[in-house]
Every structure is written in structure tokens, then in C-alpha cells.
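> Quick one: structure below, then a few questions.
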Amino acid sequence: MEGLESFLSVSLDHDQVMLLWRILEKVDAKSFQGKYQWDNDYRKRTYWQNEKSFDTDTLILLKSTPWLLDDQNKPRKPGELFAPTPENRRLLGSSVPYLHPSIDLADKPENAKSRTLASTLGLHLRADTASVLNYIRSLSGTDIDLKVVRALYRFLDDNHARPVEDFARGSLLLTLTPLHRWWKSHEVFWQDESVVFGEERGYLEHHYPESLKLFFLGVGVAANAQPLDYLKAIQTLSSRQEVTPDIYVRTRNLYRRLWNAIQEDKKLRDNDEQKLIGSADWDEVRTSESWLGRRGEQYNFCRLEQLVWNDHSYIANLFAESLPFWDLEDLREFRDYLKVQPCSQASVSFHPHGAREQSITWSEKVREQLHWLRAFLNSARWKEQHVNASIEELNGLQVWLVEQATISYTLKGVSVRDPEPCLTYFDDDGVLWITSEAAEEEYPDQIGDALQSYFRVSELREFVKDLLTRRLEDVLRIWQKRGLEVLQPSLDLEQADSDPANADRESEGVQTTDGASEQNMEDYVDSSSPGIHTNTGSVSPTASTSLNRSTDSSRPASSGWQVNWGGSGGESESHRTLKERVATSPNLISAGLKLVSTEYEFPSLDRVDILLVTEQGRPVPVEIKTYIVPGDYKGVWQAVKYKHLAATLHRLRCEDVRSILVAYEIPDDVKAKCVEMGIEMVIIPPMTK
């Protein structure tokens with residue numbers, strides 16, 4: 001077009017632009033295009049075999065010169081401008097320059113020539129993928145309305161655009177909660193995973209309709225978290241300087257998710273062939289300081305080989321400040337899978353001090369009962385309990401008296417001395433030690449304590465005491481009812497049962513703490529009335545005898561209580577004192593209560609410390625603890641168990657039976673657990689001397 005280059009070489013005003021536009025509208029669009037035509041083989045030519053269009057010099061000049069005015073009267077190249085339609089303005093806002101409104105490009109028949117010219121010049125009649133992506137980039141980091149961004153994502157989806165690389169490199173995804181923030185595609189999930197990732201990831205499902213889900217997945221967003229995400233999140237949290245409550249909760253949730261993935265044998269990612277277990281990522285987390293442990297009142301991350309868990313409250317208290325403990329009680333199976341060491345596996349060292357001598361008398365007394373001890377340990381009811389101790393250790397058993405003794409424990413290379421003196425201990429050499437702090441009338445108790453602690457067999461203490469203090473035929477008769485298997489009886493028990501004299505002696509000899517006979521207790525248990533008779537007792541021994549409680553948090557009578565080694569054990573003096581106070585004065589708990597028995601045994605052979613009865617004849621089991629540490633809910637669960645047993649035994653609804661936990665001190669978290677489980681609490685301060 002002659003003179004066009006000269007015309008465009010100067011700045012055009014609005015009228016000149018409109019004049020040129022009207023002239024160009026009259027030019028046939030084909031005039032702006034030229035054609036190349038050629039043949040591959042001219043000998044066979046009957047028509048041009050190849051053809052290619054190209055822009056004419058006129059069109060190139062019009063496209064490359066900023067001569068069209070935008071809506072701000074600024075000259076622009078045609079390819080920079082967008083048609084000023086409502087649709088374009090609504091979608092792209094002010095992110096692009098619009099053609100001056102004097103040129104109408106609305107989609108109407110009368111504008112056909114203008115729209116054809118605009119298209120030929122490269123002017124954008126409608127938004128395209130590139131312009132929308134550029135607009136999203138310009139919005140990134142701003143507080144733009146979510147509706148605007150949602151419309152842009154919808155446009156990309158409608159046009160089947162899946163710009164994966166753009167969304168991976170740039171923060172082009174907007175969420176409003178938990179924070180107004182822009183994310184890259186690998187930093188967000190479609191589902192809400194905030195319980196494990198908190199504010200460190202974005203979640204889309206609450207901000208966008210389900211119809212956009214496939215678009216987001218198409219640009220690289222994961223539908224939900226995968227095991228690899230859990231591993232990386234654990235590494236991120238474990239690198240923090242301080243374990244805040246939020247980090248604690250999220251870490252616990254991550255462990256729970258990870259354990260579920262391990263149980264389901266999942267892959268690192270759904271589209272990955274690599275299994276979670278056996279992957280380098282799992283091995284890195286497993287062997288690094290990525291595991292939450294509690295040392296005293298502080299949490300920190302440590303290695304698995306440093307962790308222990310509390311299966312023995314007394315020993316755990318000794319190491320509480322020096323070793324990190326796994327305290328995630330809802331993840332016990334995961335803990336076992338990770339092979340976290342129980343604190344009861346601490347090695348024990350016994351240290352006798354001062355003068356010592358063998359007690360020939362007590363050595364002979366114990367050896368005289370070895371046959372029955374072996375029968376007890378070999379009986380089906382108790383045989384499986386002493387898997388880590390050999391009955392052969394009883395051969396050649398000797399009782400030695402020593403002035404004083406102490407015990408120390410070693411775990412994970414850390415040694416701790418028991419602050420309390422040891423009263424009794426059975427070592428691997430077959431020597432049963434008793435210190436001079438114990439009176440001789442307490443020797444049966446102490447011998448039973450040591451053997452029960454060594455073999456870890458419930459009721460062994462009580463059985464040993466009975467053997468050393470009562471008539472053998474009475475002991476065997478009672479214990480056979482409880483499961484003792486006598487392979488070679490030394491007397492005819494059937495004859496003894498039929499002997500009226502023996503029957504009288506048994507009736508007189510087996511008394512409960514309130515003087516009730518065995519028969520009276522059976523009457524109490526078998527009564528068809530849902531109420532309780534108060535003139536009853538128990539077939540169990542007196543209050544000094546206790547059931548084996550290997551994880552009681554109260555201080556035992558001597559250290560090493562109920563561990564898988566020889567050592568002291570039994571009911572502590574403070575526990576016995578508190579139990580006797582409550583038994584003799586039930587009004588310390590509540591008015592109107594009367595004592596039925598201490599060490600009351602249910603038909604299930606479970607024993608409750610104290611059983612009381614209300615004025616209406618309803619049972620009230622009482623669980624005695626002394627000092628309860630935070631996080632120790634065992635006493636609560638025992639009280640729950642006795643509540644259900646009492647309700648079942650007496651045909652009552654569970655909510656109609658009171659069950660009480662009594663202690664010198666009860667931490668706040670244990671109080672909360674009592675309230676949750678429907679257990680009453682009574683705190684009785686220790687007596688001052």
C-alpha cells in the first residue's frame with residue numbers, strides 16, 4: 001500500500017487512526033496474504049503440488065507498528081490489544097490493554113468487517129490461555145477476590161488447557177484458609193489435610209467446586225497426601241528447634257497416617273512402583289532424629305534407638321529425666337513395630353552392704369516347700385507367666401540376711417540408683433536376700449515378694465506366704481480351687497475334706513479382714529438379690545496380701561517390683577497404710593458406706609483393693625493408689641474394670657454402681673480421665689508423723 005509506511009512513521013491522532021481503520025476495512029483480507037507455490041517434480045505437474053501462505057509487507061508493517069490507540073489513547077501494536085467486550089473485561093480485568101471503544105468489535109453482523117480486520121491484524125477478540133496465565137501471574141501474591149481467580153481457572157478448564165509447568169514453577173493457586181496465600185501445585189492438596197500439615201500446605205476443596213477438581217489434578221495437584229508426603233513432613237517438623245503443642249499433635253497424626261500406610265503396604269505414591277517400606281525415604285526417616293520422645297516435661301525429636309516406653313511406672317519414673325519416652329498411647333502397635341524398648345528391660349544390679357549371714361532356718365523352711373512351689377509354677381493357670389525365668393533357679397535356694405541393700409538400673413547406657421532401700425531380692429545364683437530392716441514376722445511376705453518379682457507370676461507372693469504360715473492341707477485345698485495342679489499330693493485331700501475337724505479348722509482359719517468366713521463370702525457372691533449383704537468377707541488372705549500389679553505407679557515395698565529379674569516386690573507400706581485407713585474408716589470417702597472386704601476377689605479372679613457397700617446394698621469398689629504420675633491412667637482403668645465386674649455380678653446397670661479411685665495425689669489429666677470414664681475421685685493426704 002503506497003505511502004503507508006510514511007503515514008505510520010508519525011504519531012497518529014484519533015481521527016487519523018479511525019480514517020486508516022475505515023480504509024483497511026474495505027481492503028479484501030486476501031490482499032494481506034501472499035502464496036508460495038511449488039512442485040516437487042515438474043515433469044508430473046498438472047497443478048501446484050505445494051502451497052504456503054505468508055504475510056505481505058503491508059500486513060507486516062501494520063502488525064509491527066504501534067498505531068492503534070487503546071482505551072487510554074496510547075498507541076499500541078494490534079497484537080497487544082484486546083477487544084473491549086464485557087466478557088473480556090469481566091475475565092481479564094485491567095491486566096491487558098483494550099482497543100479504543102470507538103472501534104466496535106462486539107459480535108454483531110454489522111461489525112463483521114471490523115472483526116475480520118481485527119483478527120487479520122492479530123488483535124485479540126477474546127481471551128486466550130496465554131493472556132489468562134499472564135493475568136494469574138500478575139495476581140499472584142495479591143489479595144484478589146477468590147471469584148476472579150475461580151473464573152480464570154474455569155476458563156482454562158473450558159479451553160482444555162493444562163499448563164503443568166506453569167503451575168509447578170509459579171505460585172498460581174490461591175487459598176483463603178488457613179491463610180490467604182498463593183501456592184505452587186506440589187504445595188497443595190485437593191482434600192483438606194490440615195490435621196497433619198497444618199498451615200504449611202494449601203487445601204482446595206473448600207474453595208472451589210467439585211467440577212474444577214479434574215482441572216487441578218491435571219495441572220499437578222495431588223488429590224490427597226501420600227506416604228512420601230508424610231515422610232517429608234516428619235522431616236520438616238523434626239528439624240524445628242522447639243516442639244510446640246501444634247507440632248506435637250501434627251507429628252502424632254503423621255505417625256498415625258504412616259502406620260496405616262505401612263499396614264496397608266502402600267507405595268510411596270500411587271503412581272510409583274516403589275513401596276514405602278524398603279524405600280530410601282523411609283530408611284532416612286527411620287534412622288534419623290525423627291521420633292518424638294518425652295524427657296521429663298519436655299518433648300524433643302530423637303533416634304529410635306534412644307527411645308524407651310513405659311511398661312513399668314516405677315522404673316519409668318527413675319529414668320523420666322534421663323531418657324526420652326514414647327508416650328503415644330494410641331500408637332502402641334506402631335511402637336512395637338518400630339521395636340521401641342520397654343523400660344522393664346533395664347538391667348538390674350543388686351548391692352548388699354554391711355554384715356551378712358545365711359539363715360539356715362529360713363533356708364530350710366523355703367526348701368521344704370519347693371515341691372509345692374514347682375507345682376504352682378507348672379500349673380496351667382500360671383505356667384505361661386514365667387517365660388523368662390527358669391524354675392531350676394529354685395534348686396539350692398538359700399536365704400541370706402544382710403544389713404542393707406540397694407538396687408541400680410541400667411538402660412540405654414544410663415544407670416540410675418533406686419532411691420529406696422531394697423528389702424528383699426532373689427538373684428540368679430539362687431540366693432534370696434532379706435535386709436535387717438524387715439522384722440522376722442515379715443519374712444514370709446518378703447520371700448513371697450522376691451519370688452513373685454523374679455518369676456513375674458501373679459499370686460505367687462500370696463501362695464508363698466500361705467505355705468510358710470498356714471497348715472499345708474488348708475493351703476492346698478484352697479489353692480486347688482484356684483487352679484493349683486497337685487501332681488504328687490502328700491496327703492489325701494478328699495479325706496481331709498470329709499474330716500469334720502478339718503472343716504472346722506478351715507472355717508476358723510480362713511478369715512477376711514472383717515472376720516467373715518469363706519462360706520459367708522460365698523453366700524454374698526451367690527446371693528440372688530441385687531443388693532449386697534454387709535456381714536460378709538473374702539476367701540483371700542488378710543490385707544497384707546496383694547495381687548501382682550506389675551505396673552502400679554505407687555512405690556513398691558522394695559525396688560525392682562515385678563520386673564523380669566529377681567528383686568523386691570509386693571505391696572508398699574504407703575499403699576498398705578492408705579488401704580487400711582480407708583478400710584477402717586469408709587467415711588473418709590463418703591458417708592453411709594460400710595466395709596465388705598479388702599482384697600475382694602471376683603469370680604473372674606480379679607481383686608479389688610477394697611469393696612464397700614452402700615446403705616441400699618449396692619457395691620462400691622475402691623481402687624487404692626498412692627502417688628499417681630501424670631499420664632498414668634492404669635488406676636482409672638482398673639476402677640472401670642471393677643465397676644463393670646460389680647455391676648455384672650449383682651445384676652445392676654453399670655451407671656448405678658459407684659467406683660472410686662483413692663490416692664494421696666491425683667494429677668489434673670488423671671482427674672479428667674476419671675470424669676470421662678465415670679469414676680469418682682477421693683484425695684486423702686498422707687498422715688503426718
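Ligands are numbered from 1 in the order shown, chains are lettered A, B, ... in the order of the C-alpha cells, and residues start at 1 in each chain.
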Report the residues of region 29-253 of chain A whose backbone DSSP state falls under alpha helix (DSSP H), written as a ChimeraX atom specification.
/A:57-64,86-92,112-121,129-139,146-158,164-169,194-197,213-218,227-238,245-253
> Neighbours of region 142-144 of chain A within 10 Å (only C-alpha atoms; same-chain residues fewer than 4 positions away dropped), as JSON, numbers by chain?
{"A": [138, 148, 149, 174, 176, 180, 181, 182]}
> Could you work out how far CA of Ser64 (chain A) lies from CA of Ser9 (chain A), giving the answer in Å with one decimal?
11.7 Å
> Distance table requested - region 114-156 of chain A against region 92-103 of chain A, cut-off 8 Å, only C-alpha atoms: one row per qualifying residue with the closest atom pair and its distance in Å to one decimal, ordered by chain and rising residue number, as CSV.

```
residue,atom,partner,partner_atom,distance
A:Ser114,CA,A:Ile103,CA,7.8
A:Ala127,CA,A:Leu92,CA,7.4
A:Ser131,CA,A:Leu92,CA,7.9
A:Val132,CA,A:Leu92,CA,6.8
A:Tyr135,CA,A:Ser95,CA,5.8
A:Ser138,CA,A:Ser95,CA,7.5
```
> Selection from above, N, CA, C and O atoms, as a PDB file, in the first residue's frame, can you write it?

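The result, written out as selection.pdb:
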```pdb
ATOM      1  N   SER A 114     -15.132  -5.266  10.678  1.00  0.00           N
ATOM      2  CA  SER A 114     -14.202  -4.822  11.721  1.00  0.00           C
ATOM      3  C   SER A 114     -13.581  -6.019  12.443  1.00  0.00           C
ATOM      4  O   SER A 114     -12.375  -6.035  12.741  1.00  0.00           O
ATOM      5  N   ALA A 127     -10.308 -13.616  25.165  1.00  0.00           N
ATOM      6  CA  ALA A 127      -9.172 -14.052  25.980  1.00  0.00           C
ATOM      7  C   ALA A 127      -8.644 -15.385  25.471  1.00  0.00           C
ATOM      8  O   ALA A 127      -9.380 -16.204  24.920  1.00  0.00           O
ATOM      9  N   SER A 131      -3.046 -15.174  27.760  1.00  0.00           N
ATOM     10  CA  SER A 131      -3.448 -13.955  28.465  1.00  0.00           C
ATOM     11  C   SER A 131      -3.982 -14.272  29.856  1.00  0.00           C
ATOM     12  O   SER A 131      -3.741 -13.526  30.815  1.00  0.00           O
ATOM     13  N   VAL A 132      -4.706 -15.365  29.974  1.00  0.00           N
ATOM     14  CA  VAL A 132      -5.245 -15.743  31.287  1.00  0.00           C
ATOM     15  C   VAL A 132      -4.107 -16.131  32.235  1.00  0.00           C
ATOM     16  O   VAL A 132      -4.089 -15.739  33.404  1.00  0.00           O
ATOM     17  N   TYR A 135      -2.418 -13.105  33.374  1.00  0.00           N
ATOM     18  CA  TYR A 135      -3.231 -12.398  34.367  1.00  0.00           C
ATOM     19  C   TYR A 135      -3.087 -13.060  35.739  1.00  0.00           C
ATOM     20  O   TYR A 135      -2.942 -12.372  36.762  1.00  0.00           O
ATOM     21  N   SER A 138       0.087 -12.071  37.266  1.00  0.00           N
ATOM     22  CA  SER A 138       0.068 -10.707  37.804  1.00  0.00           C
ATOM     23  C   SER A 138      -0.693 -10.621  39.123  1.00  0.00           C
ATOM     24  O   SER A 138      -0.441  -9.741  39.947  1.00  0.00           O
TER      25      SER A 138
END
```
> Mind the document's chain letters and residue numbers, and return as a ChimeraX atom specification the residues of region 609-661 of chain A that DSSP labels strand (DSSP E).
/A:609-613,619-624,660-661
> What's around region 396-400 of chain A at 7 Å? Count only C-alpha atoms, leave out sequence neighbours fewer than 2 positions away in its own chain, and write the answer as a PDB file with N, CA, C and O atoms, in the first residue's frame.

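Now in around.pdb:
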```pdb
ATOM      1  N   ARG A 356      26.515 -59.810 106.666  1.00  0.00           N
ATOM      2  CA  ARG A 356      25.562 -60.737 106.045  1.00  0.00           C
ATOM      3  C   ARG A 356      25.824 -62.144 106.538  1.00  0.00           C
ATOM      4  O   ARG A 356      26.963 -62.501 106.864  1.00  0.00           O
ATOM      5  N   GLU A 357      24.784 -62.944 106.606  1.00  0.00           N
ATOM      6  CA  GLU A 357      24.920 -64.337 107.022  1.00  0.00           C
ATOM      7  C   GLU A 357      23.737 -65.143 106.486  1.00  0.00           C
ATOM      8  O   GLU A 357      22.662 -64.613 106.245  1.00  0.00           O
ATOM      9  N   GLN A 358      23.982 -66.434 106.317  1.00  0.00           N
ATOM     10  CA  GLN A 358      22.911 -67.296 105.833  1.00  0.00           C
ATOM     11  C   GLN A 358      21.984 -67.659 106.985  1.00  0.00           C
ATOM     12  O   GLN A 358      22.428 -67.952 108.096  1.00  0.00           O
ATOM     13  N   SER A 359      20.667 -67.640 106.704  1.00  0.00           N
ATOM     14  CA  SER A 359      19.681 -68.083 107.678  1.00  0.00           C
ATOM     15  C   SER A 359      19.361 -69.546 107.383  1.00  0.00           C
ATOM     16  O   SER A 359      18.612 -69.844 106.442  1.00  0.00           O
ATOM     17  N   TRP A 362      15.460 -70.348 107.817  1.00  0.00           N
ATOM     18  CA  TRP A 362      14.564 -69.938 106.742  1.00  0.00           C
ATOM     19  C   TRP A 362      14.922 -70.594 105.416  1.00  0.00           C
ATOM     20  O   TRP A 362      14.047 -70.827 104.572  1.00  0.00           O
ATOM     21  N   SER A 363      16.184 -70.894 105.235  1.00  0.00           N
ATOM     22  CA  SER A 363      16.566 -71.630 104.025  1.00  0.00           C
ATOM     23  C   SER A 363      15.874 -72.981 103.993  1.00  0.00           C
ATOM     24  O   SER A 363      15.345 -73.420 102.961  1.00  0.00           O
ATOM     25  N   ARG A 367      13.045 -74.431 101.396  1.00  0.00           N
ATOM     26  CA  ARG A 367      13.352 -75.627 100.610  1.00  0.00           C
ATOM     27  C   ARG A 367      12.330 -76.726 100.854  1.00  0.00           C
ATOM     28  O   ARG A 367      12.052 -77.544  99.971  1.00  0.00           O
ATOM     29  N   LEU A 394      15.302 -72.423  91.501  1.00  0.00           N
ATOM     30  CA  LEU A 394      14.903 -72.722  92.881  1.00  0.00           C
ATOM     31  C   LEU A 394      15.794 -73.779  93.526  1.00  0.00           C
ATOM     32  O   LEU A 394      15.848 -73.872  94.761  1.00  0.00           O
ATOM     33  N   VAL A 402      21.058 -59.686 105.279  1.00  0.00           N
ATOM     34  CA  VAL A 402      22.078 -58.665 105.055  1.00  0.00           C
ATOM     35  C   VAL A 402      21.643 -57.388 105.752  1.00  0.00           C
ATOM     36  O   VAL A 402      20.444 -57.121 105.907  1.00  0.00           O
ATOM     37  N   GLY A 430      20.488 -68.092  92.980  1.00  0.00           N
ATOM     38  CA  GLY A 430      19.640 -68.842  93.894  1.00  0.00           C
ATOM     39  C   GLY A 430      19.677 -68.344  95.320  1.00  0.00           C
ATOM     40  O   GLY A 430      19.257 -69.055  96.233  1.00  0.00           O
ATOM     41  N   VAL A 431      20.188 -67.118  95.536  1.00  0.00           N
ATOM     42  CA  VAL A 431      20.246 -66.547  96.883  1.00  0.00           C
ATOM     43  C   VAL A 431      19.096 -65.560  97.046  1.00  0.00           C
ATOM     44  O   VAL A 431      18.929 -64.649  96.224  1.00  0.00           O
ATOM     45  N   LEU A 432      18.312 -65.759  98.080  1.00  0.00           N
ATOM     46  CA  LEU A 432      17.214 -64.861  98.394  1.00  0.00           C
ATOM     47  C   LEU A 432      17.646 -63.998  99.573  1.00  0.00           C
ATOM     48  O   LEU A 432      17.858 -64.503 100.677  1.00  0.00           O
ATOM     49  N   TRP A 433      17.817 -62.708  99.311  1.00  0.00           N
ATOM     50  CA  TRP A 433      18.326 -61.771 100.308  1.00  0.00           C
ATOM     51  C   TRP A 433      17.178 -61.092 101.033  1.00  0.00           C
ATOM     52  O   TRP A 433      16.196 -60.686 100.430  1.00  0.00           O
ATOM     53  N   ILE A 434      17.326 -60.946 102.354  1.00  0.00           N
ATOM     54  CA  ILE A 434      16.382 -60.177 103.158  1.00  0.00           C
ATOM     55  C   ILE A 434      17.203 -59.229 104.024  1.00  0.00           C
ATOM     56  O   ILE A 434      18.177 -59.652 104.667  1.00  0.00           O
TER      57      ILE A 434
END
```
> Can you work out the spacing between CA of Glu199 (chain A) and CA of Thr177 (chain A) in Å, to one decimal?
8.4 Å
> Which of these, A:Gly617, A:Glu80, A:Ser585, A:Gly678, has the shortest distance to His644 (chain A) once you count only C-alpha atoms?
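Of all the options, A:Gly678 lies closest to His644 (chain A).
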> Please report the interatomic distance between CA of Gly413 (chain A) and CA of Ser322 (chain A) in Å with one decimal.
10.5 Å
